[in-house]
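A.B. asks: Below is the structure I would like to discuss, written out as structure tokens.
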Amino acid sequence: MRAVALAAIGALCFAAPAGPTPASGQPDASWAREAVPGERAVPAECVEPWASATSADVQGVLETLRDRRVVVPVHAHVLRSASGGGVPRSRVERQIRVLNDAYAGGQSARSARSPFHFRLVDVDVTVNRSWRRMDPGSRAERQAKRALHRGDAGDLNLYIGGNRARLLGWATRPTEYGNAPSMDGVVIARHTMPGGRGGHYSAGDVAVHETGHWLGLFHTFAGKCGRRGDLVADTPRESRASYTCPRGRNTCPWPGRDPIHNFLDYSYDRCMNQFTRGQVVRMMRSWHAFRG
Ligand SMILES: [Ca+2]
Ligand SMILES: [Ca+2]
Ligand SMILES: [Zn+2]
């Protein structure tokens, strides 16, 4: 019954998003975090029923979820060229460990724990120069995903490659699944995986961030300083993305400093380390509405 109730609430809050916002540049790197078919305005008609709830109410929802584990099968697809770009299975496994640790709240004592657990079920390797360099929205992306996508709405398809647009990654949203099931999934640049040469973005948190979108989260800066923010009550509003690690930043006249340590901001991997309880509740609602 809980799942049914959550589904009803979740569906209300995942109405079709408005048009895209231009991608932001990265001040200190040649790679932008994402092109985001992603950064969309928060749907105006969608108000979280608990947006004004006390933290005790949120805690109540979490209590009901506490002992459950939501297991998400992961199908990893390595896209490489004949001359290079491969990734050994051990490194994919390492990425999955980072995901599981992050979703269990393991990166910070301040992080909420989520019930999501990712289980790697298969890794395939495709040699295709065009797919390896696929950009979001490209013909190559459609071809690659059509050929490689596995499972249904509850399976995470994780594509590992590079891209011409020099993006760290991108993801589809739960609401997009119905119209384009085979496009569903997360794409990351290979060098963002743990042990990669991605500098500040090579601890594996790009996959954590993108999977957050895949589970229904908006960027913490999505609503700027507006009333609705990112539709999560316990992430303080912020007027713009955080790059690097600007501790103490405070860009909106609402309570709370900017959530620069949140996985759904744009900070360096060493700086992003937490989800909030409200985000966990939103991910669970999204899961039950669209993926569970
Ligand atoms: Ca918020
Ligand atoms: Ca981190
Ligand atoms: Zn994002």
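Letters A, B, ... go to the chains of the structure tokens in the order shown; residues in each chain start at 1; ligands are counted from 1 in the same order.
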Enumerate, in order of chain and increasing residue number, the residues of chain A with an atom no farther than 6 Å from ligand 2, each with its shortest atom pair and distance in Å to one decimal, counting only C-alpha atoms and all ligand atoms, as JSON lines.

C.D. replies:
{"residue": "A:Asp205", "atom": "CA", "partner": "ligand 2", "partner_atom_place_in_ligand_line": "1 (Ca)", "distance": 5.9}
{"residue": "A:Asp269", "atom": "CA", "partner": "ligand 2", "partner_atom_place_in_ligand_line": "1 (Ca)", "distance": 4.2}
{"residue": "A:Arg270", "atom": "CA", "partner": "ligand 2", "partner_atom_place_in_ligand_line": "1 (Ca)", "distance": 4.3}
{"residue": "A:Cys271", "atom": "CA", "partner": "ligand 2", "partner_atom_place_in_ligand_line": "1 (Ca)", "distance": 5.6}
{"residue": "A:Met272", "atom": "CA", "partner": "ligand 2", "partner_atom_place_in_ligand_line": "1 (Ca)", "distance": 4.5}
{"residue": "A:Asn273", "atom": "CA", "partner": "ligand 2", "partner_atom_place_in_ligand_line": "1 (Ca)", "distance": 4.3}

A.B. asks: Determine, counting only C-alpha atoms, which protein, DNA and RNA residues have an atom within 7 Å of an atom of A:Leu217; residues of the same chain fewer than 2 positions away are not included. Present the result as a list in words.

C.D. replies: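 What passes the distance filter is Gly212, His213, Leu215, His219, Gln279 and Met283 of chain A.
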
A.B. asks: Could you please extract the residues within 6 Å of ligand 1, counting only C-alpha atoms and all ligand atoms, and hand them back as a VMD selection string?

C.D. replies: chain A and resid 229 to 237

A.B. asks: Keeping only N, CA and C atoms, write the selected residues as a short mmCIF file (atom, residue, chain, number, x, y, z; two decimals), in the first residue's frame.

C.D. replies:
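selection_0.cif, written as the output of this step:
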data_model
loop_
_atom_site.label_atom_id
_atom_site.label_comp_id
_atom_site.auth_asym_id
_atom_site.auth_seq_id
_atom_site.Cartn_x
_atom_site.Cartn_y
_atom_site.Cartn_z
N GLY A 229 12.49 25.86 -5.49
CA GLY A 229 13.84 25.31 -5.49
C GLY A 229 13.93 24.08 -6.36
N ASP A 230 14.50 23.02 -5.83
CA ASP A 230 14.65 21.78 -6.59
C ASP A 230 13.59 20.75 -6.21
N LEU A 231 12.52 21.22 -5.58
CA LEU A 231 11.42 20.36 -5.12
C LEU A 231 11.83 19.42 -4.00
N VAL A 232 12.90 19.75 -3.34
CA VAL A 232 13.33 18.98 -2.18
C VAL A 232 13.48 19.98 -1.03
N ALA A 233 12.75 19.75 0.03
CA ALA A 233 12.66 20.75 1.09
C ALA A 233 13.95 20.97 1.87
N ASP A 234 14.76 19.92 2.00
CA ASP A 234 15.92 20.08 2.89
C ASP A 234 17.23 20.33 2.14
N THR A 235 17.18 20.68 0.87
CA THR A 235 18.36 21.17 0.17
C THR A 235 18.18 22.68 0.05
N PRO A 236 19.00 23.45 0.74
CA PRO A 236 18.83 24.90 0.65
C PRO A 236 18.91 25.39 -0.80
N ARG A 237 18.15 26.41 -1.12
CA ARG A 237 18.17 26.97 -2.48
C ARG A 237 19.53 27.61 -2.75
#

A.B. asks: Which residues are close to stretch 79-96 of chain A, i.e. within 8 Å by only C-alpha atoms, leaving aside same-chain residues fewer than 2 positions away? Reply as a list of chain:residue names.

C.D. replies: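 Selected residues are A:Ala76, A:His77, A:Val98, A:Leu99, A:Asn100, A:Phe118, A:Arg119, A:Leu120, A:Val123, A:Val125, A:Thr126, A:Val127, A:Asn128, A:Arg129, A:Trp131, A:Arg132, A:Tyr159, A:Ile160, A:Gly161, A:Arg190, A:Met193, A:Pro194, A:Gly195, A:Gly204, A:Ala207.
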
A.B. asks: I need the residues of stretch 111-163 of chain A that end up classed as strand (DSSP E) by DSSP on the backbone, written out as a VMD selection string.

C.D. replies: chain A and resid 116 to 127 156 to 161
